[in-house]
>>> print(open('my_file-v5.cif').read())   # mmCIF, N, CA and C atoms and all ligand atoms
data_query
loop_
_atom_site.label_atom_id
_atom_site.label_comp_id
_atom_site.auth_asym_id
_atom_site.auth_seq_id
_atom_site.Cartn_x
_atom_site.Cartn_y
_atom_site.Cartn_z
N MET A 741 217.73 -101.02 -54.06
CA MET A 741 218.31 -101.12 -52.72
C MET A 741 217.78 -100.00 -51.82
N THR A 742 217.42 -100.30 -50.62
CA THR A 742 216.84 -99.31 -49.71
C THR A 742 217.92 -98.36 -49.19
N THR A 743 217.46 -97.21 -48.69
CA THR A 743 218.38 -96.23 -48.11
C THR A 743 219.15 -96.85 -46.95
N TYR A 744 218.44 -97.63 -46.16
CA TYR A 744 219.04 -98.28 -45.01
C TYR A 744 220.25 -99.11 -45.45
N ASN A 745 220.03 -99.91 -46.47
CA ASN A 745 221.10 -100.74 -47.01
C ASN A 745 222.28 -99.91 -47.48
N THR A 746 221.98 -98.79 -48.16
CA THR A 746 223.02 -97.93 -48.70
C THR A 746 223.88 -97.36 -47.58
N GLN A 747 223.22 -96.96 -46.48
CA GLN A 747 223.97 -96.42 -45.35
C GLN A 747 224.86 -97.48 -44.71
N GLN A 748 224.33 -98.68 -44.58
CA GLN A 748 225.10 -99.77 -44.01
C GLN A 748 226.33 -100.06 -44.87
N LYS A 749 226.09 -100.04 -46.16
CA LYS A 749 227.15 -100.32 -47.11
C LYS A 749 228.23 -99.23 -47.03
N LYS A 750 227.79 -97.98 -46.91
CA LYS A 750 228.73 -96.87 -46.82
C LYS A 750 229.59 -97.01 -45.56
N GLN A 751 228.95 -97.34 -44.46
CA GLN A 751 229.69 -97.51 -43.21
C GLN A 751 230.74 -98.62 -43.33
N LEU A 752 230.31 -99.69 -43.97
CA LEU A 752 231.21 -100.82 -44.16
C LEU A 752 232.41 -100.41 -45.01
N MET A 753 232.14 -99.68 -46.08
CA MET A 753 233.21 -99.21 -46.95
C MET A 753 234.12 -98.24 -46.21
N ASP A 754 233.52 -97.35 -45.39
CA ASP A 754 234.32 -96.40 -44.63
C ASP A 754 235.27 -97.13 -43.68
N PHE A 755 234.75 -98.17 -43.07
CA PHE A 755 235.59 -98.96 -42.16
C PHE A 755 236.76 -99.59 -42.93
N LEU A 756 236.46 -100.21 -44.06
CA LEU A 756 237.51 -100.88 -44.83
C LEU A 756 238.53 -99.86 -45.37
N LYS A 757 238.04 -98.67 -45.72
CA LYS A 757 238.95 -97.62 -46.21
C LYS A 757 239.92 -97.16 -45.14
N LYS A 758 239.47 -97.25 -43.90
CA LYS A 758 240.33 -96.86 -42.77
C LYS A 758 241.50 -97.83 -42.59
N HIS A 759 241.31 -99.02 -43.09
CA HIS A 759 242.32 -100.07 -42.90
C HIS A 759 242.67 -100.71 -44.25
N PRO A 760 243.25 -99.91 -45.15
CA PRO A 760 243.41 -100.39 -46.53
C PRO A 760 244.37 -101.57 -46.69
N GLU A 761 245.24 -101.79 -45.70
CA GLU A 761 246.22 -102.86 -45.89
C GLU A 761 245.91 -104.09 -45.07
N GLN A 762 244.76 -104.10 -44.44
CA GLN A 762 244.45 -105.22 -43.58
C GLN A 762 243.24 -105.97 -44.10
N SER A 763 243.27 -107.27 -43.99
CA SER A 763 242.08 -108.02 -44.36
C SER A 763 241.42 -108.57 -43.10
N TYR A 764 240.13 -108.66 -43.14
CA TYR A 764 239.35 -109.07 -41.99
C TYR A 764 238.34 -110.14 -42.36
N THR A 765 238.08 -111.02 -41.42
CA THR A 765 236.92 -111.89 -41.59
C THR A 765 235.69 -111.06 -41.21
N ILE A 766 234.53 -111.55 -41.56
CA ILE A 766 233.31 -110.81 -41.23
C ILE A 766 233.14 -110.67 -39.72
N ASP A 767 233.48 -111.70 -38.98
CA ASP A 767 233.43 -111.62 -37.51
C ASP A 767 234.31 -110.49 -36.99
N GLU A 768 235.50 -110.39 -37.55
CA GLU A 768 236.43 -109.34 -37.11
C GLU A 768 235.91 -107.95 -37.46
N ILE A 769 235.35 -107.81 -38.66
CA ILE A 769 234.80 -106.51 -39.05
C ILE A 769 233.71 -106.08 -38.08
N ALA A 770 232.80 -106.99 -37.77
CA ALA A 770 231.70 -106.68 -36.86
C ALA A 770 232.24 -106.25 -35.50
N ALA A 771 233.23 -106.98 -34.99
CA ALA A 771 233.80 -106.67 -33.67
C ALA A 771 234.54 -105.34 -33.69
N GLU A 772 235.36 -105.12 -34.74
CA GLU A 772 236.15 -103.89 -34.82
C GLU A 772 235.27 -102.66 -34.99
N MET A 773 234.23 -102.79 -35.79
CA MET A 773 233.34 -101.65 -36.00
C MET A 773 232.59 -101.31 -34.72
N ASN A 774 232.21 -102.31 -33.97
CA ASN A 774 231.54 -102.08 -32.69
C ASN A 774 232.44 -101.34 -31.72
N ALA A 775 233.74 -101.64 -31.79
CA ALA A 775 234.69 -101.04 -30.86
C ALA A 775 235.15 -99.65 -31.32
N ASP A 776 234.84 -99.28 -32.57
CA ASP A 776 235.34 -98.02 -33.13
C ASP A 776 234.31 -96.91 -32.93
N PRO A 777 234.67 -95.88 -32.16
CA PRO A 777 233.71 -94.80 -31.88
C PRO A 777 233.28 -94.03 -33.13
N ASP A 778 234.03 -94.15 -34.23
CA ASP A 778 233.63 -93.49 -35.47
C ASP A 778 232.33 -94.05 -36.03
N PHE A 779 232.01 -95.25 -35.63
CA PHE A 779 230.80 -95.89 -36.17
C PHE A 779 229.77 -96.03 -35.04
N ALA A 780 228.87 -95.06 -35.01
CA ALA A 780 227.92 -94.98 -33.90
C ALA A 780 226.90 -96.12 -33.97
N ASN A 781 226.53 -96.48 -35.16
CA ASN A 781 225.48 -97.48 -35.32
C ASN A 781 225.90 -98.48 -36.40
N PRO A 782 226.94 -99.28 -36.10
CA PRO A 782 227.51 -100.14 -37.15
C PRO A 782 226.56 -101.26 -37.57
N PRO A 783 226.70 -101.70 -38.80
CA PRO A 783 225.85 -102.81 -39.26
C PRO A 783 226.17 -104.08 -38.48
N GLY A 784 225.18 -104.89 -38.26
CA GLY A 784 225.38 -106.15 -37.55
C GLY A 784 226.05 -107.19 -38.45
N LYS A 785 226.44 -108.27 -37.83
CA LYS A 785 227.16 -109.32 -38.54
C LYS A 785 226.36 -109.87 -39.72
N SER A 786 225.06 -110.08 -39.50
CA SER A 786 224.26 -110.67 -40.58
C SER A 786 224.14 -109.71 -41.76
N THR A 787 224.10 -108.40 -41.46
CA THR A 787 224.06 -107.40 -42.53
C THR A 787 225.36 -107.43 -43.33
N ILE A 788 226.48 -107.53 -42.61
CA ILE A 788 227.78 -107.57 -43.28
C ILE A 788 227.86 -108.81 -44.18
N TYR A 789 227.39 -109.93 -43.66
CA TYR A 789 227.37 -111.16 -44.46
C TYR A 789 226.58 -110.97 -45.75
N ARG A 790 225.48 -110.22 -45.62
CA ARG A 790 224.61 -110.00 -46.76
C ARG A 790 225.25 -109.04 -47.78
N LEU A 791 225.98 -108.03 -47.26
CA LEU A 791 226.53 -106.99 -48.14
C LEU A 791 227.81 -107.41 -48.85
N MET A 792 228.64 -108.21 -48.18
CA MET A 792 229.97 -108.50 -48.70
C MET A 792 230.03 -109.09 -50.11
N PRO A 793 229.21 -110.10 -50.42
CA PRO A 793 229.29 -110.66 -51.78
C PRO A 793 229.06 -109.61 -52.87
N GLY A 794 228.16 -108.67 -52.59
CA GLY A 794 227.88 -107.60 -53.54
C GLY A 794 229.09 -106.70 -53.74
N LEU A 795 229.76 -106.37 -52.65
CA LEU A 795 230.95 -105.51 -52.72
C LEU A 795 232.06 -106.21 -53.50
N ALA A 796 232.17 -107.52 -53.30
CA ALA A 796 233.20 -108.27 -54.01
C ALA A 796 232.87 -108.30 -55.51
N GLU A 797 231.60 -108.43 -55.82
CA GLU A 797 231.17 -108.47 -57.21
C GLU A 797 231.43 -107.14 -57.91
N GLU A 798 231.24 -106.05 -57.16
CA GLU A 798 231.49 -104.72 -57.71
C GLU A 798 232.98 -104.40 -57.75
N ASN A 799 233.80 -105.33 -57.32
CA ASN A 799 235.24 -105.15 -57.31
C ASN A 799 235.71 -104.08 -56.32
N LEU A 800 234.96 -103.89 -55.27
CA LEU A 800 235.34 -102.93 -54.24
C LEU A 800 236.17 -103.61 -53.15
N VAL A 801 235.92 -104.86 -52.95
CA VAL A 801 236.72 -105.63 -52.01
C VAL A 801 237.20 -106.91 -52.69
N LYS A 802 238.27 -107.45 -52.14
CA LYS A 802 238.79 -108.71 -52.62
C LYS A 802 238.48 -109.74 -51.55
N CYS A 803 238.08 -110.91 -51.97
CA CYS A 803 237.78 -111.96 -51.01
C CYS A 803 238.90 -112.99 -51.06
N PHE A 804 239.42 -113.33 -49.90
CA PHE A 804 240.47 -114.35 -49.83
C PHE A 804 239.93 -115.56 -49.10
N ALA A 805 240.10 -116.70 -49.68
CA ALA A 805 239.70 -117.92 -49.01
C ALA A 805 240.56 -118.09 -47.76
N GLY A 806 239.95 -118.50 -46.69
CA GLY A 806 240.71 -118.68 -45.45
C GLY A 806 241.70 -119.81 -45.57
N LYS A 807 242.84 -119.67 -44.90
CA LYS A 807 243.79 -120.77 -44.97
C LYS A 807 243.44 -121.81 -43.92
N ARG A 808 243.73 -123.04 -44.21
CA ARG A 808 243.46 -124.17 -43.33
C ARG A 808 242.03 -124.16 -42.80
N GLY A 809 241.09 -123.98 -43.69
CA GLY A 809 239.69 -124.11 -43.29
C GLY A 809 239.14 -122.97 -42.46
N THR A 810 239.92 -121.88 -42.30
CA THR A 810 239.39 -120.74 -41.56
C THR A 810 238.46 -119.95 -42.47
N LYS A 811 237.78 -118.98 -41.89
CA LYS A 811 236.81 -118.21 -42.64
C LYS A 811 237.48 -117.32 -43.69
N ALA A 812 236.73 -117.01 -44.73
CA ALA A 812 237.22 -116.12 -45.76
C ALA A 812 237.42 -114.73 -45.17
N SER A 813 238.39 -114.00 -45.70
CA SER A 813 238.58 -112.64 -45.23
C SER A 813 238.45 -111.68 -46.40
N TYR A 814 238.20 -110.43 -46.07
CA TYR A 814 237.91 -109.42 -47.07
C TYR A 814 238.80 -108.21 -46.87
N GLN A 815 239.12 -107.57 -47.96
CA GLN A 815 239.93 -106.37 -47.89
C GLN A 815 239.54 -105.44 -49.02
N ILE A 816 239.58 -104.14 -48.73
CA ILE A 816 239.22 -103.15 -49.74
C ILE A 816 240.29 -103.12 -50.84
N ILE A 817 239.88 -102.87 -52.05
CA ILE A 817 240.85 -102.61 -53.10
C ILE A 817 240.52 -101.28 -53.74
N GLY A 818 241.48 -100.72 -54.42
CA GLY A 818 241.34 -99.34 -54.90
C GLY A 818 240.47 -99.18 -56.13
N GLY A 819 239.47 -99.99 -56.28
CA GLY A 819 238.56 -99.84 -57.41
C GLY A 819 239.26 -99.95 -58.75
N GLU A 820 238.93 -99.04 -59.64
CA GLU A 820 239.45 -99.06 -61.01
C GLU A 820 240.96 -99.18 -61.09
N SER A 821 241.66 -98.39 -60.27
CA SER A 821 243.12 -98.36 -60.38
C SER A 821 243.73 -99.73 -60.10
N CYS A 822 243.01 -100.56 -59.36
CA CYS A 822 243.53 -101.88 -59.02
C CYS A 822 243.38 -102.88 -60.17
N HIS A 823 242.83 -102.44 -61.28
CA HIS A 823 242.75 -103.33 -62.44
C HIS A 823 244.07 -103.36 -63.19
N PHE A 824 244.98 -102.46 -62.83
CA PHE A 824 246.18 -102.30 -63.65
C PHE A 824 247.47 -102.73 -62.97
N HIS A 825 247.34 -103.44 -61.87
CA HIS A 825 248.56 -103.97 -61.26
C HIS A 825 248.30 -105.29 -60.52
N ILE A 826 249.41 -105.97 -60.27
CA ILE A 826 249.38 -107.24 -59.56
C ILE A 826 249.31 -106.95 -58.06
N HIS A 827 248.64 -107.80 -57.32
CA HIS A 827 248.61 -107.65 -55.87
C HIS A 827 249.48 -108.69 -55.19
N LEU A 828 250.04 -108.28 -54.07
CA LEU A 828 250.93 -109.15 -53.32
C LEU A 828 250.31 -109.38 -51.95
N LYS A 829 250.07 -110.62 -51.65
CA LYS A 829 249.39 -110.93 -50.40
C LYS A 829 250.37 -111.58 -49.44
N CYS A 830 250.52 -110.99 -48.26
CA CYS A 830 251.42 -111.58 -47.25
C CYS A 830 250.66 -112.70 -46.54
N THR A 831 251.24 -113.89 -46.57
CA THR A 831 250.56 -115.04 -45.98
C THR A 831 250.72 -115.05 -44.46
N ASP A 832 251.59 -114.18 -43.94
CA ASP A 832 251.80 -114.15 -42.50
C ASP A 832 250.84 -113.16 -41.83
N CYS A 833 250.95 -111.88 -42.17
CA CYS A 833 250.12 -110.87 -41.50
C CYS A 833 248.84 -110.57 -42.27
N GLY A 834 248.74 -111.05 -43.49
CA GLY A 834 247.50 -110.86 -44.25
C GLY A 834 247.42 -109.56 -45.03
N LYS A 835 248.47 -108.74 -44.97
CA LYS A 835 248.48 -107.49 -45.72
C LYS A 835 248.35 -107.72 -47.22
N LEU A 836 247.66 -106.82 -47.88
CA LEU A 836 247.60 -106.86 -49.33
C LEU A 836 248.34 -105.64 -49.86
N LEU A 837 249.38 -105.88 -50.62
CA LEU A 837 250.17 -104.78 -51.15
C LEU A 837 249.88 -104.62 -52.63
N HIS A 838 250.02 -103.39 -53.10
CA HIS A 838 249.77 -103.10 -54.50
C HIS A 838 251.10 -102.92 -55.20
N MET A 839 251.42 -103.79 -56.10
CA MET A 839 252.64 -103.64 -56.88
C MET A 839 252.47 -102.40 -57.76
N SER A 840 253.56 -101.72 -58.06
CA SER A 840 253.42 -100.54 -58.91
C SER A 840 252.94 -100.99 -60.29
N ASP A 841 252.20 -100.12 -60.97
CA ASP A 841 251.71 -100.44 -62.31
C ASP A 841 252.89 -100.77 -63.23
N LYS A 842 253.97 -100.01 -63.03
CA LYS A 842 255.14 -100.17 -63.89
C LYS A 842 255.75 -101.58 -63.73
N ASP A 843 255.99 -102.00 -62.49
CA ASP A 843 256.55 -103.33 -62.25
C ASP A 843 255.60 -104.41 -62.75
N SER A 844 254.30 -104.21 -62.54
CA SER A 844 253.32 -105.20 -62.98
C SER A 844 253.38 -105.38 -64.49
N HIS A 845 253.50 -104.26 -65.20
CA HIS A 845 253.54 -104.33 -66.66
C HIS A 845 254.83 -104.97 -67.16
N THR A 846 255.93 -104.71 -66.43
CA THR A 846 257.20 -105.34 -66.81
C THR A 846 257.06 -106.86 -66.74
N ILE A 847 256.47 -107.35 -65.64
CA ILE A 847 256.28 -108.79 -65.47
C ILE A 847 255.34 -109.33 -66.53
N ALA A 848 254.23 -108.64 -66.74
CA ALA A 848 253.24 -109.08 -67.73
C ALA A 848 253.86 -109.13 -69.13
N ASP A 849 254.68 -108.12 -69.45
CA ASP A 849 255.34 -108.09 -70.76
C ASP A 849 256.26 -109.28 -70.95
N ASP A 850 257.03 -109.60 -69.88
CA ASP A 850 257.94 -110.75 -69.95
C ASP A 850 257.17 -112.04 -70.20
N ILE A 851 256.08 -112.22 -69.48
CA ILE A 851 255.28 -113.44 -69.64
C ILE A 851 254.69 -113.50 -71.04
N LEU A 852 254.24 -112.37 -71.52
CA LEU A 852 253.65 -112.31 -72.86
C LEU A 852 254.70 -112.64 -73.92
N LYS A 853 255.90 -112.08 -73.76
CA LYS A 853 256.96 -112.31 -74.74
C LYS A 853 257.44 -113.74 -74.74
N SER A 854 257.63 -114.31 -73.54
CA SER A 854 258.21 -115.65 -73.49
C SER A 854 257.19 -116.75 -73.70
N GLY A 855 255.96 -116.56 -73.25
CA GLY A 855 255.00 -117.65 -73.35
C GLY A 855 253.75 -117.33 -74.14
N GLY A 856 253.63 -116.07 -74.56
CA GLY A 856 252.44 -115.68 -75.31
C GLY A 856 251.20 -115.61 -74.45
N PHE A 857 251.40 -115.63 -73.14
CA PHE A 857 250.26 -115.62 -72.23
C PHE A 857 250.01 -114.20 -71.74
N ALA A 858 248.78 -113.72 -71.92
CA ALA A 858 248.44 -112.37 -71.48
C ALA A 858 247.88 -112.42 -70.07
N LEU A 859 248.66 -111.94 -69.14
CA LEU A 859 248.28 -111.96 -67.73
C LEU A 859 247.17 -110.95 -67.47
N ASP A 860 246.19 -111.35 -66.69
CA ASP A 860 245.13 -110.43 -66.28
C ASP A 860 245.59 -109.79 -64.96
N LEU A 861 246.18 -108.60 -65.09
CA LEU A 861 246.83 -107.96 -63.93
C LEU A 861 245.89 -107.79 -62.74
N GLY A 862 244.71 -107.26 -63.00
CA GLY A 862 243.79 -106.96 -61.92
C GLY A 862 243.32 -108.18 -61.16
N ARG A 863 243.47 -109.34 -61.75
CA ARG A 863 242.98 -110.56 -61.08
C ARG A 863 244.11 -111.42 -60.56
N THR A 864 245.34 -110.90 -60.69
CA THR A 864 246.48 -111.71 -60.28
C THR A 864 246.97 -111.31 -58.90
N THR A 865 247.05 -112.27 -58.01
CA THR A 865 247.59 -112.02 -56.68
C THR A 865 248.72 -113.02 -56.43
N LEU A 866 249.86 -112.50 -56.01
CA LEU A 866 250.99 -113.36 -55.68
C LEU A 866 251.09 -113.47 -54.16
N PHE A 867 251.43 -114.64 -53.70
CA PHE A 867 251.51 -114.87 -52.26
C PHE A 867 252.95 -114.97 -51.80
N GLY A 868 253.20 -114.43 -50.62
CA GLY A 868 254.55 -114.47 -50.08
C GLY A 868 254.60 -113.73 -48.75
N LEU A 869 255.78 -113.20 -48.43
CA LEU A 869 255.95 -112.48 -47.17
C LEU A 869 256.28 -111.03 -47.42
N CYS A 870 255.61 -110.14 -46.68
CA CYS A 870 255.91 -108.73 -46.81
C CYS A 870 257.25 -108.43 -46.14
N GLU A 871 257.76 -107.23 -46.36
CA GLU A 871 259.07 -106.91 -45.84
C GLU A 871 259.12 -107.02 -44.31
N GLY A 872 258.09 -106.50 -43.66
CA GLY A 872 258.04 -106.53 -42.20
C GLY A 872 258.10 -107.95 -41.66
N CYS A 873 257.31 -108.83 -42.24
CA CYS A 873 257.25 -110.22 -41.76
C CYS A 873 258.54 -110.96 -42.09
N ARG A 874 259.12 -110.63 -43.24
CA ARG A 874 260.34 -111.28 -43.64
C ARG A 874 261.46 -110.93 -42.66
N ARG A 875 261.48 -109.65 -42.21
CA ARG A 875 262.52 -109.18 -41.29
C ARG A 875 262.34 -109.74 -39.90
N LYS A 876 261.08 -109.76 -39.43
CA LYS A 876 260.88 -110.15 -38.02
C LYS A 876 260.99 -111.66 -37.82
N GLY A 877 260.60 -112.43 -38.83
CA GLY A 877 260.56 -113.87 -38.66
C GLY A 877 261.87 -114.55 -38.98
N ASN A 878 261.87 -115.86 -38.82
CA ASN A 878 263.04 -116.63 -39.21
C ASN A 878 262.85 -117.21 -40.60
N HIS A 879 261.96 -116.55 -41.33
CA HIS A 879 261.68 -117.03 -42.68
C HIS A 879 262.91 -116.85 -43.56
N THR A 880 263.16 -117.78 -44.36
CA THR A 880 264.30 -117.64 -45.26
C THR A 880 263.82 -117.58 -46.69
ZN ZN A 901 245.71 -102.42 -56.03
ZN ZN A 902 253.36 -109.51 -43.55
#
>>> encode(input="my_file-v5.cif", output="structure tokens")
Amino acid sequence: MTTYNTQQKKQLMDFLKKHPEQSYTIDEIAAEMNADPDFANPPGKSTIYRLMPGLAEENLVKCFAGKRGTKASYQIIGGESCHFHIHLKCTDCGKLLHMSDKDSHTIADDILKSGGFALDLGRTTLFGLCEGCRRKGNHT
């Protein structure tokens, strides 16, 4: 990989690290980075498209399929530490929350005991509403 690519990748990661609880489509990342003075020379959209699959493969970002045919969105995950807990994805605001390792293991233990199924914590994401969205909306 060229130095140029490495710098682009670093900028992209820096941007995602700034917004650890938000997921973005590639279009949104390109627009937000352009608007952010911290990124003087942000990578273009086509570069981001090229870099993202690699980041997802390295387990640095999680890719979420877009709902109702919208574009996929991406969000940073905490690397190694994220292999040891379940993730909670808010279907309203798109936040990705990290369940505590302890709670994740409690759930995994229950599933293992009752069904003999060993849950892959790092790859499990549960969908629902975060506290903020649950409070503000008329969701029941
Ligand atoms: Zn995590
Ligand atoms: Zn939410």
>>> closest_atom_pairs(input="my_file-v5.cif", of="chain A", to="ligand ZN 902 (chain A)", cutoff="5 Å", atoms="all atoms listed in the file", output="JSON lines")
{"residue": "A:Cys830", "atom": "CA", "partner": "A:ZN902", "partner_atom": "ZN", "distance": 4.7}
{"residue": "A:Asp832", "atom": "C", "partner": "A:ZN902", "partner_atom": "ZN", "distance": 4.8}
{"residue": "A:Cys833", "atom": "N", "partner": "A:ZN902", "partner_atom": "ZN", "distance": 3.7}
{"residue": "A:Gly834", "atom": "N", "partner": "A:ZN902", "partner_atom": "ZN", "distance": 4.9}
{"residue": "A:Cys870", "atom": "N", "partner": "A:ZN902", "partner_atom": "ZN", "distance": 3.9}
{"residue": "A:Cys873", "atom": "N", "partner": "A:ZN902", "partner_atom": "ZN", "distance": 4.2}
>>> closest_residue(input="my_file-v5.cif", among="A:Leu828, A:Leu866, A:Cys822, A:Ile766", to="ligand ZN 901 (chain A)", atoms="only C-alpha atoms and all ligand atoms")
A:Cys822
>>> closest_atom_pairs(input="my_file-v5.cif", of="chain A", to="ligand ZN 901 (chain A)", cutoff="12 Å", atoms="only C-alpha atoms and all ligand atoms", output="JSON lines")
{"residue": "A:Pro760", "atom": "CA", "partner": "A:ZN901", "partner_atom": "ZN", "distance": 10.0}
{"residue": "A:Glu761", "atom": "CA", "partner": "A:ZN901", "partner_atom": "ZN", "distance": 10.2}
{"residue": "A:Asn799", "atom": "CA", "partner": "A:ZN901", "partner_atom": "ZN", "distance": 10.9}
{"residue": "A:Leu800", "atom": "CA", "partner": "A:ZN901", "partner_atom": "ZN", "distance": 10.5}
{"residue": "A:Val801", "atom": "CA", "partner": "A:ZN901", "partner_atom": "ZN", "distance": 10.4}
{"residue": "A:Lys802", "atom": "CA", "partner": "A:ZN901", "partner_atom": "ZN", "distance": 10.0}
{"residue": "A:Gln815", "atom": "CA", "partner": "A:ZN901", "partner_atom": "ZN", "distance": 10.7}
{"residue": "A:Ile816", "atom": "CA", "partner": "A:ZN901", "partner_atom": "ZN", "distance": 9.1}
{"residue": "A:Ile817", "atom": "CA", "partner": "A:ZN901", "partner_atom": "ZN", "distance": 5.7}
{"residue": "A:Gly818", "atom": "CA", "partner": "A:ZN901", "partner_atom": "ZN", "distance": 5.5}
{"residue": "A:Gly819", "atom": "CA", "partner": "A:ZN901", "partner_atom": "ZN", "distance": 7.7}
{"residue": "A:Glu820", "atom": "CA", "partner": "A:ZN901", "partner_atom": "ZN", "distance": 8.7}
{"residue": "A:Ser821", "atom": "CA", "partner": "A:ZN901", "partner_atom": "ZN", "distance": 6.5}
{"residue": "A:Cys822", "atom": "CA", "partner": "A:ZN901", "partner_atom": "ZN", "distance": 3.7}
{"residue": "A:His823", "atom": "CA", "partner": "A:ZN901", "partner_atom": "ZN", "distance": 7.1}
{"residue": "A:Phe824", "atom": "CA", "partner": "A:ZN901", "partner_atom": "ZN", "distance": 7.6}
{"residue": "A:His825", "atom": "CA", "partner": "A:ZN901", "partner_atom": "ZN", "distance": 6.2}
{"residue": "A:Ile826", "atom": "CA", "partner": "A:ZN901", "partner_atom": "ZN", "distance": 7.0}
{"residue": "A:His827", "atom": "CA", "partner": "A:ZN901", "partner_atom": "ZN", "distance": 6.0}
{"residue": "A:Leu828", "atom": "CA", "partner": "A:ZN901", "partner_atom": "ZN", "distance": 8.9}
{"residue": "A:Lys829", "atom": "CA", "partner": "A:ZN901", "partner_atom": "ZN", "distance": 10.8}
{"residue": "A:Lys835", "atom": "CA", "partner": "A:ZN901", "partner_atom": "ZN", "distance": 11.8}
{"residue": "A:Leu836", "atom": "CA", "partner": "A:ZN901", "partner_atom": "ZN", "distance": 8.3}
{"residue": "A:Leu837", "atom": "CA", "partner": "A:ZN901", "partner_atom": "ZN", "distance": 7.0}
{"residue": "A:His838", "atom": "CA", "partner": "A:ZN901", "partner_atom": "ZN", "distance": 4.4}
{"residue": "A:Met839", "atom": "CA", "partner": "A:ZN901", "partner_atom": "ZN", "distance": 7.1}
{"residue": "A:Ser840", "atom": "CA", "partner": "A:ZN901", "partner_atom": "ZN", "distance": 8.4}
{"residue": "A:Asp841", "atom": "CA", "partner": "A:ZN901", "partner_atom": "ZN", "distance": 8.9}
{"residue": "A:Ser844", "atom": "CA", "partner": "A:ZN901", "partner_atom": "ZN", "distance": 10.7}
{"residue": "A:Leu861", "atom": "CA", "partner": "A:ZN901", "partner_atom": "ZN", "distance": 9.7}
{"residue": "A:Gly862", "atom": "CA", "partner": "A:ZN901", "partner_atom": "ZN", "distance": 7.7}
{"residue": "A:Arg863", "atom": "CA", "partner": "A:ZN901", "partner_atom": "ZN", "distance": 10.0}
{"residue": "A:Thr864", "atom": "CA", "partner": "A:ZN901", "partner_atom": "ZN", "distance": 10.2}
{"residue": "A:Thr865", "atom": "CA", "partner": "A:ZN901", "partner_atom": "ZN", "distance": 9.8}
>>> closest_residue(input="my_file-v5.cif", among="A:Gly868, A:Gly855, A:Pro793, A:Pro782", to="Leu752 in chain A", atoms="all atoms listed in the file")
A:Pro782
>>> atom_distance(input="my_file-v5.cif", atom1="atom N of Glu797 in chain A", atom2="atom N of Gln762 in chain A")
17.9 Å
>>> residues_near_point(input="my_file-v5.cif", point="(241.5, -111.0, -49.5)", cutoff="7 Å", atoms="only C-alpha atoms", output="list in words")
Ser763, Lys802, Cys803, Phe804, Ser813, Tyr814 and Gln815 of chain A
>>> atom_distance(input="my_file-v5.cif", atom1="atom C of Gly794 in chain A", atom2="atom C of Ala858 in chain A")
25.5 Å
>>> atom_distance(input="my_file-v5.cif", atom1="CA of Ala812 in chain A", atom2="CA of Glu871 in chain A")
23.7 Å
>>> closest_residue(input="my_file-v5.cif", among="A:Leu869, A:Leu791, A:Ala780, A:Ala770", to="Thr746 in chain A", atoms="only C-alpha atoms")
A:Leu791
>>> residues_around(input="my_file-v5.cif", residues="Pro783 in chain A", least_positions_apart="2", cutoff="7 Å", atoms="all atoms listed in the file", output="VMD selection string")
chain A and resid 748 751 to 752 770 781 785 to 788
>>> select_by_dssp(input="my_file-v5.cif", residues="range 755-855 of chain A", states="alpha helix (DSSP H)", output="PyMOL selection string")
chain A and resi 755-758+766-775+785-797+841-855
>>> decode(input="my_file-v5.cif", residues="range 831-865 of chain A", atoms="C-alpha atoms", output="mmCIF file, in the first residue's frame")
data_model
loop_
_atom_site.group_PDB
_atom_site.id
_atom_site.type_symbol
_atom_site.label_atom_id
_atom_site.label_comp_id
_atom_site.auth_asym_id
_atom_site.auth_seq_id
_atom_site.Cartn_x
_atom_site.Cartn_y
_atom_site.Cartn_z
ATOM 1 C CA THR A 831 -32.732 1.461 14.341
ATOM 2 C CA ASP A 832 -33.920 5.036 14.820
ATOM 3 C CA CYS A 833 -30.822 7.225 15.196
ATOM 4 C CA GLY A 834 -28.311 4.643 13.997
ATOM 5 C CA LYS A 835 -26.156 4.677 17.137
ATOM 6 C CA LEU A 836 -24.102 1.605 17.858
ATOM 7 C CA LEU A 837 -23.793 0.856 21.544
ATOM 8 C CA HIS A 838 -21.382 -1.543 23.176
ATOM 9 C CA MET A 839 -22.953 -3.860 25.702
ATOM 10 C CA SER A 840 -20.699 -4.451 28.691
ATOM 11 C CA ASP A 841 -18.532 -7.567 28.414
ATOM 12 C CA LYS A 842 -20.122 -8.807 31.618
ATOM 13 C CA ASP A 843 -23.730 -8.538 30.360
ATOM 14 C CA SER A 844 -22.721 -10.047 27.025
ATOM 15 C CA HIS A 845 -21.192 -13.056 28.739
ATOM 16 C CA THR A 846 -24.244 -13.498 30.958
ATOM 17 C CA ILE A 847 -26.454 -13.691 27.859
ATOM 18 C CA ALA A 848 -24.023 -15.961 26.022
ATOM 19 C CA ASP A 849 -23.820 -18.277 29.052
ATOM 20 C CA ASP A 850 -27.614 -18.533 29.228
ATOM 21 C CA ILE A 851 -27.855 -19.408 25.545
ATOM 22 C CA LEU A 852 -25.071 -21.944 25.881
ATOM 23 C CA LYS A 853 -26.681 -23.576 28.924
ATOM 24 C CA SER A 854 -30.202 -23.738 27.550
ATOM 25 C CA GLY A 855 -29.553 -24.507 23.903
ATOM 26 C CA GLY A 856 -25.935 -25.578 23.676
ATOM 27 C CA PHE A 857 -25.357 -22.797 21.190
ATOM 28 C CA ALA A 858 -22.111 -20.849 21.512
ATOM 29 C CA LEU A 859 -22.804 -17.264 20.574
ATOM 30 C CA ASP A 860 -20.098 -15.404 18.669
ATOM 31 C CA LEU A 861 -20.152 -12.217 20.747
ATOM 32 C CA GLY A 862 -18.045 -10.054 18.466
ATOM 33 C CA ARG A 863 -20.284 -10.762 15.498
ATOM 34 C CA THR A 864 -23.609 -10.395 17.248
ATOM 35 C CA THR A 865 -25.593 -7.197 16.891
#
